[in-house]
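**Student:** Got run32.cif for you, mmCIF, C-alpha atoms and all ligand atoms:
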data_upload
loop_
_atom_site.label_atom_id
_atom_site.label_comp_id
_atom_site.auth_asym_id
_atom_site.auth_seq_id
_atom_site.Cartn_x
_atom_site.Cartn_y
_atom_site.Cartn_z
CA MET A 1 26.24 -11.47 1.69
CA LYS A 2 24.13 -14.60 2.14
CA ILE A 3 20.56 -13.72 3.03
CA SER A 4 17.44 -15.76 3.77
CA ILE A 5 13.95 -14.30 3.62
CA VAL A 6 10.97 -15.76 5.45
CA GLY A 7 7.77 -15.05 3.51
CA SER A 8 7.82 -14.37 -0.22
CA GLY A 9 4.83 -12.04 -0.40
CA TYR A 10 5.26 -8.63 -1.89
CA VAL A 11 7.72 -7.25 0.70
CA GLY A 12 9.77 -10.48 0.84
CA ILE A 13 10.11 -11.04 -2.88
CA VAL A 14 10.88 -7.41 -3.73
CA THR A 15 13.43 -7.13 -0.91
CA GLY A 16 15.06 -10.47 -1.75
CA ILE A 17 15.30 -9.90 -5.48
CA GLY A 18 16.50 -6.34 -4.82
CA PHE A 19 19.34 -7.76 -2.70
CA THR A 20 20.34 -10.21 -5.45
CA GLU A 21 20.62 -7.29 -7.89
CA LEU A 22 23.08 -5.73 -5.41
CA GLY A 23 25.26 -8.86 -5.57
CA ASN A 24 23.94 -10.89 -2.63
CA GLU A 25 22.75 -14.51 -2.59
CA VAL A 26 19.19 -15.06 -1.37
CA ILE A 27 17.18 -18.07 -0.20
CA PHE A 28 13.41 -17.59 0.13
CA ILE A 29 11.62 -19.65 2.77
CA ASP A 30 7.91 -20.16 2.27
CA THR A 31 5.28 -22.71 3.29
CA ASP A 32 3.30 -22.24 0.08
CA LYS A 33 4.43 -24.82 -2.50
CA ALA A 34 2.95 -22.83 -5.38
CA LYS A 35 5.05 -19.79 -4.44
CA ILE A 36 8.18 -21.90 -4.06
CA ASN A 37 7.68 -23.42 -7.51
CA ALA A 38 6.94 -20.06 -9.07
CA ILE A 39 10.13 -18.51 -7.63
CA ASN A 40 12.24 -21.51 -8.68
CA ASN A 41 10.86 -21.06 -12.22
CA GLN A 42 11.77 -17.35 -12.13
CA GLU A 43 8.10 -16.39 -12.07
CA PRO A 44 7.04 -13.54 -9.73
CA PRO A 45 4.65 -14.86 -7.06
CA ILE A 46 2.89 -11.44 -7.18
CA TYR A 47 2.51 -8.81 -9.89
CA GLU A 48 4.97 -5.96 -9.45
CA LYS A 49 6.36 -3.71 -12.18
CA GLY A 50 9.95 -4.65 -13.14
CA LEU A 51 10.13 -7.72 -10.89
CA GLU A 52 10.01 -10.39 -13.59
CA GLU A 53 12.96 -8.84 -15.45
CA LEU A 54 15.06 -8.70 -12.28
CA MET A 55 14.15 -12.31 -11.43
CA MET A 56 15.35 -13.43 -14.87
CA LYS A 57 18.51 -11.36 -14.71
CA ASN A 58 19.54 -12.67 -11.28
CA ARG A 59 18.24 -16.21 -11.61
CA ASP A 60 21.54 -17.77 -10.45
CA LYS A 61 21.52 -15.80 -7.22
CA TYR A 62 18.36 -17.08 -5.52
CA TYR A 63 16.10 -20.05 -4.92
CA ALA A 64 13.12 -20.92 -2.71
CA THR A 65 12.57 -23.75 -0.24
CA ASP A 66 10.30 -24.74 2.66
CA ASP A 67 13.30 -25.94 4.67
CA TYR A 68 14.18 -23.45 7.41
CA SER A 69 17.29 -25.24 8.59
CA GLU A 70 18.87 -25.43 5.15
CA ALA A 71 18.13 -21.75 4.47
CA ILE A 72 19.36 -20.52 7.84
CA ASP A 73 22.46 -22.70 7.80
CA LYS A 74 23.43 -21.38 4.42
CA SER A 75 22.84 -17.69 5.23
CA ASP A 76 24.25 -15.07 7.64
CA ILE A 77 21.16 -12.91 7.99
CA THR A 78 17.43 -13.73 7.93
CA PHE A 79 14.69 -11.19 7.18
CA ILE A 80 11.19 -11.90 8.51
CA CYS A 81 8.79 -10.60 5.85
CA VAL A 82 5.57 -12.42 6.74
CA ALA A 83 2.13 -10.78 6.75
CA THR A 84 0.75 -9.05 9.86
CA PRO A 85 -3.00 -8.93 9.19
CA SER A 86 -5.68 -7.39 11.43
CA ASN A 87 -7.76 -9.12 14.06
CA GLU A 88 -11.53 -8.44 14.11
CA ASN A 89 -11.02 -5.50 16.52
CA GLY A 90 -8.31 -3.88 14.36
CA SER A 91 -5.38 -5.01 16.53
CA ILE A 92 -2.41 -6.70 14.87
CA ASN A 93 -2.43 -10.46 14.33
CA LEU A 94 1.03 -11.82 15.06
CA ALA A 95 0.36 -15.49 14.27
CA TYR A 96 2.71 -15.62 11.25
CA ILE A 97 5.40 -13.63 13.07
CA LYS A 98 5.28 -16.02 16.01
CA SER A 99 5.50 -19.13 13.89
CA ALA A 100 8.42 -17.70 11.88
CA ALA A 101 10.23 -16.78 15.12
CA LYS A 102 9.74 -20.29 16.53
CA GLU A 103 10.98 -22.00 13.38
CA ILE A 104 14.01 -19.74 13.21
CA GLY A 105 14.74 -20.41 16.91
CA LYS A 106 14.60 -24.19 16.43
CA THR A 107 17.13 -23.98 13.63
CA LEU A 108 19.42 -21.53 15.38
CA LYS A 109 19.82 -24.03 18.21
CA ASN A 110 22.10 -26.08 15.99
CA LYS A 111 23.99 -23.25 14.35
CA SER A 112 27.27 -22.16 15.90
CA ASP A 113 28.01 -19.10 13.72
CA PHE A 114 26.64 -15.68 14.65
CA HIS A 115 23.36 -15.17 12.77
CA VAL A 116 21.30 -11.98 12.49
CA ILE A 117 17.50 -11.98 12.45
CA VAL A 118 15.77 -8.89 11.14
CA VAL A 119 12.06 -8.13 11.42
CA LYS A 120 10.94 -6.32 8.26
CA SER A 121 7.22 -7.04 8.64
CA THR A 122 5.26 -4.09 10.04
CA VAL A 123 4.87 -4.84 13.76
CA VAL A 124 3.55 -2.59 16.53
CA PRO A 125 6.23 -1.11 18.82
CA ARG A 126 7.89 -3.57 21.21
CA THR A 127 6.87 -6.66 19.22
CA THR A 128 10.45 -7.48 18.18
CA GLU A 129 11.76 -7.36 21.75
CA GLU A 130 8.68 -8.64 23.60
CA VAL A 131 7.35 -11.29 21.21
CA VAL A 132 9.99 -12.27 18.65
CA LYS A 133 13.01 -12.21 20.98
CA PRO A 134 11.64 -14.52 23.72
CA LEU A 135 10.33 -17.00 21.15
CA ILE A 136 13.71 -17.27 19.42
CA GLU A 137 15.57 -17.38 22.73
CA ASN A 138 13.34 -20.15 24.13
CA GLU A 139 13.56 -22.31 21.04
CA SER A 140 17.28 -21.80 20.42
CA ARG A 141 18.40 -21.60 24.06
CA LYS A 142 20.62 -18.73 23.00
CA LYS A 143 20.77 -15.11 24.05
CA ALA A 144 19.76 -12.27 21.76
CA PHE A 145 22.37 -9.56 21.11
CA GLU A 146 25.11 -11.94 22.30
CA ASP A 147 24.71 -15.33 20.61
CA PHE A 148 22.61 -14.01 17.75
CA GLY A 149 21.73 -10.58 16.40
CA LEU A 150 18.20 -9.18 16.36
CA ALA A 151 17.07 -6.02 14.60
CA MET A 152 14.12 -4.21 13.02
CA ASN A 153 14.31 -2.67 9.55
CA PRO A 154 10.94 -1.37 8.32
CA GLU A 155 10.01 -1.27 4.64
CA PHE A 156 8.55 1.76 2.88
CA LEU A 157 7.60 0.09 -0.40
CA ARG A 158 4.61 1.29 -2.39
CA GLU A 159 2.83 -1.33 -4.47
CA GLY A 160 3.49 -0.67 -8.14
CA ASN A 161 6.66 1.33 -7.27
CA ALA A 162 8.20 -1.22 -4.94
CA ILE A 163 11.32 -1.97 -7.01
CA GLU A 164 12.04 1.72 -7.47
CA ASP A 165 11.40 2.33 -3.75
CA PHE A 166 13.81 -0.51 -2.86
CA PHE A 167 16.69 0.94 -4.87
CA SER A 168 16.00 4.64 -4.22
CA PRO A 169 14.54 4.95 -0.73
CA ASP A 170 14.10 8.32 0.98
CA ARG A 171 15.74 6.77 4.04
CA ILE A 172 16.74 3.48 5.60
CA VAL A 173 15.75 2.95 9.23
CA LEU A 174 17.75 0.43 11.24
CA GLY A 175 16.60 -0.49 14.72
CA VAL A 176 19.57 -2.23 16.36
CA LYS A 177 21.07 -2.93 19.75
CA ASP A 178 24.31 -4.89 19.40
CA ASP A 179 27.36 -3.54 17.56
CA ARG A 180 27.95 -6.70 15.56
CA THR A 181 24.49 -6.46 13.95
CA LYS A 182 25.01 -2.76 13.35
CA SER A 183 28.19 -3.36 11.37
CA ILE A 184 26.59 -6.21 9.37
CA PHE A 185 23.77 -3.78 8.46
CA GLU A 186 26.24 -1.09 7.47
CA GLU A 187 27.90 -3.54 5.10
CA LEU A 188 24.58 -4.77 3.68
CA TYR A 189 23.36 -1.26 2.89
CA VAL A 190 26.72 0.22 1.88
CA GLN A 191 25.59 0.88 -1.74
CA PHE A 192 22.72 3.13 -0.62
CA SER A 193 23.45 6.85 -0.43
CA CYS A 194 20.20 7.97 1.28
CA PRO A 195 20.15 8.96 4.98
CA LYS A 196 20.47 5.93 7.25
CA LEU A 197 18.89 6.41 10.61
CA ILE A 198 20.08 4.12 13.36
CA THR A 199 17.72 3.87 16.32
CA ASP A 200 16.78 1.43 19.00
CA ILE A 201 14.45 -1.37 17.96
CA LYS A 202 11.11 -0.03 19.22
CA THR A 203 11.77 3.39 17.71
CA ALA A 204 12.27 1.80 14.29
CA GLU A 205 8.94 -0.03 14.72
CA MET A 206 7.23 3.25 15.62
CA ILE A 207 8.78 5.19 12.72
CA LYS A 208 7.00 2.87 10.30
CA TYR A 209 3.60 3.33 12.00
CA ALA A 210 3.99 7.07 12.49
CA SER A 211 4.92 7.46 8.80
CA ASN A 212 1.89 5.56 7.56
CA ALA A 213 -0.43 7.18 10.08
CA PHE A 214 0.80 10.63 9.05
CA LEU A 215 0.32 9.92 5.32
CA ALA A 216 -3.17 8.57 6.03
CA THR A 217 -3.87 11.70 8.10
CA LYS A 218 -2.69 13.89 5.23
CA ILE A 219 -5.18 12.19 2.91
CA SER A 220 -8.12 12.39 5.34
CA PHE A 221 -7.26 16.02 6.05
CA ALA A 222 -7.22 16.75 2.29
CA ASN A 223 -10.60 15.06 2.02
CA GLU A 224 -12.11 16.97 4.92
CA ILE A 225 -10.97 20.30 3.46
CA GLY A 226 -12.05 18.99 0.04
CA ASN A 227 -15.58 18.30 1.27
CA ILE A 228 -15.82 21.88 2.54
CA CYS A 229 -14.41 23.12 -0.80
CA LYS A 230 -17.09 21.20 -2.68
CA LYS A 231 -19.87 22.92 -0.73
CA LEU A 232 -18.26 26.31 -1.39
CA GLY A 233 -17.63 25.75 -5.11
CA ILE A 234 -13.83 25.63 -4.69
CA ASN A 235 -11.47 23.16 -6.39
CA ALA A 236 -9.53 21.35 -3.64
CA TYR A 237 -6.72 20.49 -6.10
CA GLU A 238 -5.92 24.17 -6.57
CA VAL A 239 -6.13 24.73 -2.85
CA PHE A 240 -3.61 21.98 -2.10
CA LYS A 241 -1.31 23.18 -4.86
CA GLY A 242 -1.18 26.47 -3.00
CA VAL A 243 -0.88 24.83 0.41
CA GLY A 244 1.83 22.38 -0.71
CA LEU A 245 4.11 25.19 -1.88
CA ASP A 246 4.92 25.88 1.75
CA HIS A 247 8.11 23.82 2.18
CA ARG A 248 7.03 22.83 5.67
CA ILE A 249 3.98 21.12 4.22
CA ASN A 250 5.12 19.59 0.87
CA PRO A 251 2.74 18.97 -2.08
CA ALA A 252 3.02 15.14 -2.21
CA PHE A 253 0.21 12.91 -1.00
CA PHE A 254 -2.39 15.65 -0.94
CA ARG A 255 -4.80 14.33 -3.55
CA ALA A 256 -8.34 14.72 -2.24
CA GLY A 257 -10.89 12.19 -3.50
CA ILE A 258 -12.52 9.10 -2.07
CA GLY A 259 -9.88 8.10 0.43
CA PHE A 260 -7.16 5.54 0.95
CA GLY A 261 -7.31 1.78 0.55
CA GLY A 262 -4.73 -0.96 0.15
CA SER A 263 -3.07 -3.46 2.41
CA CYS A 264 -1.19 -0.98 4.61
CA PHE A 265 -2.80 2.33 5.59
CA PRO A 266 -6.20 1.07 6.82
CA LYS A 267 -4.64 -1.87 8.69
CA ASP A 268 -1.71 0.07 10.16
CA VAL A 269 -3.77 3.01 11.42
CA LYS A 270 -6.19 0.61 13.11
CA ALA A 271 -3.35 -1.41 14.65
CA LEU A 272 -1.79 1.76 16.08
CA ILE A 273 -5.17 2.86 17.48
CA ALA A 274 -5.53 -0.54 19.17
CA LYS A 275 -1.98 -0.33 20.58
CA ALA A 276 -2.61 3.22 21.83
CA GLU A 277 -5.76 2.07 23.63
CA GLU A 278 -3.91 -0.87 25.12
CA VAL A 279 -1.43 1.53 26.74
CA GLY A 280 -4.21 3.83 27.99
CA GLU A 281 -4.08 6.52 25.31
CA ASN A 282 -7.02 7.98 23.41
CA PRO A 283 -5.87 8.48 19.78
CA LYS A 284 -8.50 11.00 18.66
CA ILE A 285 -6.81 12.15 15.46
CA MET A 286 -6.27 8.65 14.09
CA ARG A 287 -9.85 7.66 14.90
CA ALA A 288 -11.05 10.68 12.96
CA VAL A 289 -8.74 9.72 10.06
CA VAL A 290 -10.48 6.35 9.83
CA GLU A 291 -13.94 7.89 10.21
CA VAL A 292 -13.36 10.42 7.40
CA ASN A 293 -11.92 7.66 5.22
CA ASP A 294 -14.89 5.35 5.81
CA ARG A 295 -17.36 8.10 4.91
CA GLN A 296 -15.53 9.49 1.90
CA PRO A 297 -16.47 6.93 -0.80
CA LEU A 298 -20.14 7.39 0.12
CA LYS A 299 -19.86 11.04 -0.98
CA MET A 300 -20.01 9.66 -4.52
CA LEU A 301 -23.41 8.17 -3.81
CA GLU A 302 -24.68 11.47 -2.38
CA LEU A 303 -23.60 13.29 -5.53
CA LEU A 304 -25.05 10.60 -7.77
CA LYS A 305 -28.43 10.81 -6.03
CA LYS A 306 -28.52 14.55 -6.60
CA HIS A 307 -28.98 13.68 -10.27
CA ILE A 308 -30.67 10.26 -10.04
CA PRO A 309 -32.61 10.19 -6.74
CA ASN A 310 -33.93 6.65 -7.20
CA LEU A 311 -31.23 4.20 -8.29
CA LYS A 312 -33.52 1.16 -8.53
CA GLY A 313 -33.07 -0.46 -11.94
CA LYS A 314 -30.65 2.27 -13.13
CA ARG A 315 -27.52 1.21 -14.99
CA ILE A 316 -24.47 2.58 -13.17
CA GLY A 317 -20.98 2.26 -14.67
CA ILE A 318 -17.91 1.86 -12.45
CA LEU A 319 -14.50 2.80 -13.84
CA GLY A 320 -11.76 1.28 -11.70
CA LEU A 321 -11.89 -1.38 -8.98
CA ALA A 322 -8.25 -1.59 -7.77
CA PHE A 323 -7.34 0.37 -4.60
CA LYS A 324 -5.05 2.50 -6.79
CA PRO A 325 -3.84 2.38 -10.42
CA ASP A 326 -1.19 -0.07 -11.71
CA THR A 327 -2.15 -2.93 -9.43
CA ASP A 328 -4.67 -5.77 -9.39
CA ASP A 329 -4.98 -5.42 -5.60
CA ILE A 330 -8.49 -4.68 -4.33
CA ARG A 331 -7.80 -4.90 -0.61
CA GLU A 332 -9.77 -2.11 1.13
CA SER A 333 -10.50 -0.63 -2.30
CA ARG A 334 -12.94 2.25 -2.15
CA ALA A 335 -14.86 0.43 -4.89
CA ILE A 336 -16.05 -2.13 -2.32
CA PRO A 337 -18.30 0.13 -0.16
CA ILE A 338 -19.50 1.95 -3.30
CA VAL A 339 -20.58 -1.25 -5.04
CA GLU A 340 -22.13 -2.60 -1.83
CA ARG A 341 -24.26 0.53 -1.46
CA LEU A 342 -25.29 0.54 -5.14
CA ILE A 343 -26.40 -3.08 -4.87
CA GLU A 344 -28.44 -2.23 -1.74
CA GLU A 345 -30.16 0.55 -3.67
CA GLY A 346 -31.09 -1.83 -6.50
CA ALA A 347 -28.81 -0.37 -9.21
CA LYS A 348 -27.56 -2.52 -12.09
CA ILE A 349 -23.78 -2.26 -12.13
CA ILE A 350 -21.42 -2.57 -15.08
CA ALA A 351 -17.74 -2.41 -14.10
CA TYR A 352 -14.35 -2.25 -15.76
CA ASP A 353 -10.78 -2.32 -14.47
CA PRO A 354 -7.71 -3.15 -16.58
CA LYS A 355 -6.20 -5.47 -13.93
CA ALA A 356 -8.46 -6.01 -10.94
CA MET A 357 -11.64 -7.54 -12.39
CA ASP A 358 -10.74 -11.16 -11.59
CA ASN A 359 -10.12 -10.31 -7.95
CA PHE A 360 -13.25 -8.19 -7.71
CA ARG A 361 -15.41 -10.88 -9.31
CA LYS A 362 -14.54 -13.21 -6.41
CA LEU A 363 -16.13 -10.70 -4.00
CA PHE A 364 -18.98 -9.55 -6.24
CA PRO A 365 -19.93 -12.28 -8.75
CA GLN A 366 -23.40 -10.75 -9.16
CA ILE A 367 -22.41 -7.58 -11.05
CA GLU A 368 -21.61 -7.27 -14.76
CA TYR A 369 -17.98 -6.93 -15.91
CA THR A 370 -16.90 -5.72 -19.31
CA SER A 371 -13.64 -5.90 -21.22
CA SER A 372 -13.51 -2.25 -22.23
CA ALA A 373 -13.82 1.08 -20.47
CA GLU A 374 -15.97 2.44 -23.30
CA ASN A 375 -18.71 -0.11 -22.59
CA VAL A 376 -19.03 1.31 -19.09
CA LEU A 377 -19.96 4.70 -20.51
CA ASN A 378 -23.14 3.16 -21.87
CA ALA A 379 -24.96 3.71 -18.57
CA ASP A 380 -27.27 6.16 -16.80
CA ALA A 381 -24.28 7.47 -14.86
CA VAL A 382 -20.59 6.66 -14.52
CA LEU A 383 -18.52 6.67 -11.31
CA VAL A 384 -14.71 7.04 -11.60
CA VAL A 385 -13.23 5.16 -8.65
CA THR A 386 -9.56 4.55 -9.65
CA GLU A 387 -7.43 6.95 -11.70
CA TRP A 388 -6.06 4.59 -14.39
CA ASP A 389 -4.32 6.55 -17.20
CA GLU A 390 -6.59 5.05 -19.84
CA PHE A 391 -9.60 6.81 -18.28
CA GLU A 392 -8.10 10.08 -19.57
CA GLU A 393 -8.63 8.83 -23.12
CA LEU A 394 -12.42 8.36 -22.95
CA ASP A 395 -15.07 10.60 -24.47
CA TYR A 396 -17.32 11.61 -21.59
CA THR A 397 -19.40 14.26 -23.41
CA GLU A 398 -23.16 13.67 -23.08
CA LYS A 399 -22.58 11.54 -19.95
CA VAL A 400 -23.36 11.90 -16.27
CA VAL A 401 -20.04 11.47 -14.45
CA ILE A 402 -19.28 11.41 -10.72
CA ASP A 403 -15.51 11.61 -10.40
CA GLY A 404 -13.76 10.38 -7.27
CA ARG A 405 -10.21 10.83 -8.57
CA MET A 406 -9.99 13.97 -10.74
CA ILE A 407 -9.90 12.76 -14.35
CA GLU A 408 -9.33 15.94 -16.38
CA ARG A 409 -11.09 14.68 -19.51
CA ALA A 410 -14.19 13.66 -17.55
CA ARG A 411 -14.80 17.31 -16.66
CA LYS A 412 -16.19 17.71 -20.17
CA ALA A 413 -19.17 15.50 -19.29
CA ALA A 414 -22.70 16.92 -19.72
CA ILE A 415 -23.22 16.54 -15.99
CA TYR A 416 -20.00 16.38 -13.99
CA GLU A 417 -19.49 16.19 -10.24
CA GLY A 418 -16.06 15.97 -8.64
CA VAL A 419 -16.07 14.73 -5.05
CA CYS A 420 -13.93 17.58 -3.70
CA TRP A 421 -13.91 19.99 -6.64
C1 LIG A 501 1.64 2.60 1.31
C2 LIG A 501 2.81 3.54 1.64
O1 LIG A 501 2.89 4.59 0.68
C3 LIG A 501 4.12 2.76 1.74
O2 LIG A 501 5.18 3.62 2.11
C4 LIG A 501 3.90 1.68 2.81
O3 LIG A 501 5.03 1.01 3.17
C5 LIG A 501 2.78 0.76 2.37
O4 LIG A 501 1.60 1.54 2.23
P1 LIG A 501 0.57 1.55 -0.87
O5 LIG A 501 -0.48 1.00 0.03
O6 LIG A 501 1.17 0.66 -1.90
O7 LIG A 501 1.80 2.13 -0.03
O8 LIG A 501 -0.11 2.74 -1.68
P2 LIG A 501 -0.04 4.33 -1.77
O9 LIG A 501 0.47 4.69 -3.10
O10 LIG A 501 0.64 4.91 -0.61
O11 LIG A 501 -1.61 4.70 -1.73
C6 LIG A 501 -2.46 4.27 -0.66
C7 LIG A 501 -3.88 4.77 -0.87
O12 LIG A 501 -3.97 6.16 -0.67
C8 LIG A 501 -4.46 4.50 -2.26
O13 LIG A 501 -5.78 4.03 -2.14
C9 LIG A 501 -4.45 5.87 -2.93
O14 LIG A 501 -5.48 6.01 -3.88
C10 LIG A 501 -4.68 6.79 -1.73
N1 LIG A 501 -4.12 8.15 -1.91
C11 LIG A 501 -2.77 8.32 -2.03
C12 LIG A 501 -4.97 9.25 -1.92
O15 LIG A 501 -6.19 9.12 -1.80
N2 LIG A 501 -4.42 10.50 -2.04
C13 LIG A 501 -3.08 10.71 -2.15
O16 LIG A 501 -2.67 11.87 -2.25
C14 LIG A 501 -2.24 9.58 -2.15
#
Please express the file's structure as structure tokens.
**Tutor:**
Amino acid sequence: MKISIVGSGYVGIVTGIGFTELGNEVIFIDTDKAKINAINNQEPPIYEKGLEELMMKNRDKYYATDDYSEAIDKSDITFICVATPSNENGSINLAYIKSAAKEIGKTLKNKSDFHVIVVKSTVVPRTTEEVVKPLIENESRKKAFEDFGLAMNPEFLREGNAIEDFFSPDRIVLGVKDDRTKSIFEELYVQFSCPKLITDIKTAEMIKYASNAFLATKISFANEIGNICKKLGINAYEVFKGVGLDHRINPAFFRAGIGFGGSCFPKDVKALIAKAEEVGENPKIMRAVVEVNDRQPLKMLELLKKHIPNLKGKRIGILGLAFKPDTDDIRESRAIPIVERLIEEGAKIIAYDPKAMDNFRKLFPQIEYTSSAENVLNADAVLVVTEWDEFEELDYTEKVVIDGRMIERARKAAIYEGVCW
């Protein structure tokens, strides 16, 4: 099939390159010249495990351009994969979605063949039908579901595992209305053997939010129970092993610690809260999820001050800055509030992360960075913020360690405090 992809960020590039591996031809549309050049030189515009190899292997099956009309003319189906960031108040910012919809509409005006537009970006329920559809219809002077197809197909890609998640998803959710689009989808996803759930468009949008909100809830719940465990001298990891054995609950995504970060969970939960309020609902559980998550990293400071009450002038080591291992992404990383608070208290910080130091330095140029994890141990106390594998190799004996992520080896430290264990 001939596919065009608007937005070559992490969802767009992984989806597009994944489709080339399945035998399709893909044209990426982006406004960023640097990204276009990178893609046309077979260089990944973002870091993602396995992507570079797939880009090399399929180099004859894709290219990038900033020309919407060329890309849409030469393709049968267009995926919108642009970012949907947060506004100040947590609600979703649809600026990129709107501009993509308008550009697509302008081009569709001159195309006679049936073309399908698919929203893959995470958008709050009803956005596809109430925002994207009228914009395309106005610009193209055509009718959705008759002259062109419109659908919603959420992504469930984890950073660092995105390629694997593309090829082996738990499920594919297709929000469709017209039969023509439905059969094009069936053909596009024919190689996938996972369950394929066909719903209406707004249900597909909600499935994405409800999934992320539930996973975020699972983590905040684990942390709330974990905080109680800590006070009672119980290891939350053992508790959740026992809890997860109930097949109705499932053991995955139950790691207590210092909470969730990244580009999706914090933003998506807040966007759903804002949407709920807009329709007159009071989403108490999701508000509590955010509140627990905001407080959780500060538990590390409480535990640290038990051992070093006055942090002024003390050398504090930070192991890990990325929001999770195997990425250089620091968006909403739990390291950010921790470092902010340590700076406020006058501590001297020395930090190490195998991939995320360059990004972190842009936010916090004033702290010291070091090229090895061992150097961080040379401090009055060490805080483990991200569970990189290499932190299991360090010798923590004689040290004061506050562990936010359960590093087994660190438990041998002279003074050891786990956040929820
Ligand atoms: C997430 C979803 O998993 C994915 O399906 C969605 O489409 C995008 O958002 P991602 O943000 O890449 O993916 O990371 P994920 O691996 O889900 O972790 C998110 C955060 O939760 C990380 O900060 C991680 O440290 C934290 N986490 C995860 C926990 O604290 N405990 C857990 O048990 C699992």
**Student:** Neighbours of ligand LIG 501 (chain A) within 6 Å, counting all atoms listed in the file, as a PDB file with C-alpha atoms, in the coordinates of the input?
**Tutor:**
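Okay, pocket_21.pdb is ready:
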ATOM      1  CA  GLU A 155      10.010  -1.270   4.640  1.00  0.00           C
ATOM      2  CA  PHE A 156       8.550   1.760   2.880  1.00  0.00           C
ATOM      3  CA  LEU A 157       7.600   0.090  -0.400  1.00  0.00           C
ATOM      4  CA  ARG A 158       4.610   1.290  -2.390  1.00  0.00           C
ATOM      5  CA  GLU A 159       2.830  -1.330  -4.470  1.00  0.00           C
ATOM      6  CA  ILE A 219      -5.180  12.190   2.910  1.00  0.00           C
ATOM      7  CA  PHE A 253       0.210  12.910  -1.000  1.00  0.00           C
ATOM      8  CA  PHE A 254      -2.390  15.650  -0.940  1.00  0.00           C
ATOM      9  CA  ARG A 255      -4.800  14.330  -3.550  1.00  0.00           C
ATOM     10  CA  ALA A 256      -8.340  14.720  -2.240  1.00  0.00           C
ATOM     11  CA  GLY A 257     -10.890  12.190  -3.500  1.00  0.00           C
ATOM     12  CA  GLY A 259      -9.880   8.100   0.430  1.00  0.00           C
ATOM     13  CA  PHE A 260      -7.160   5.540   0.950  1.00  0.00           C
ATOM     14  CA  GLY A 261      -7.310   1.780   0.550  1.00  0.00           C
ATOM     15  CA  GLY A 262      -4.730  -0.960   0.150  1.00  0.00           C
ATOM     16  CA  SER A 263      -3.070  -3.460   2.410  1.00  0.00           C
ATOM     17  CA  CYS A 264      -1.190  -0.980   4.610  1.00  0.00           C
ATOM     18  CA  PHE A 265      -2.800   2.330   5.590  1.00  0.00           C
ATOM     19  CA  PHE A 323      -7.340   0.370  -4.600  1.00  0.00           C
ATOM     20  CA  LYS A 324      -5.050   2.500  -6.790  1.00  0.00           C
TER      21      LYS A 324
END
**Student:** If I take atom CA of Gly280 of chain A and atom CA of Lys208 of chain A, how far is one from the other in Å, to one decimal?
**Tutor:**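 Computing the Euclidean distance for atom CA of Gly280 of chain A and atom CA of Lys208 of chain A yields 21.0 Å.
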**Student:** Do you know which residues are at most 12 Å from Lys182 of chain A counting all atoms listed in the file, after dropping those on the same chain fewer than 4 positions away, and could you put them as number ranges by chain?
**Tutor:** A: 116-118, 145, 149-153, 173-178, 186-190, 196-201
**Student:** Between A:Lys74, A:Lys355, A:Arg405, A:Lys2, which residue has the minimum interatomic distance to Thr107 of chain A, considering all atoms listed in the file?
**Tutor:**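 Of the candidates, the smallest distance to Thr107 of chain A is held by A:Lys74.
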**Student:** So the first atom is atom CA of Asn138 of chain A and the second is atom CA of Ser121 of chain A; what is the distance between them in Å, to one decimal place?
**Tutor:** 21.2 Å
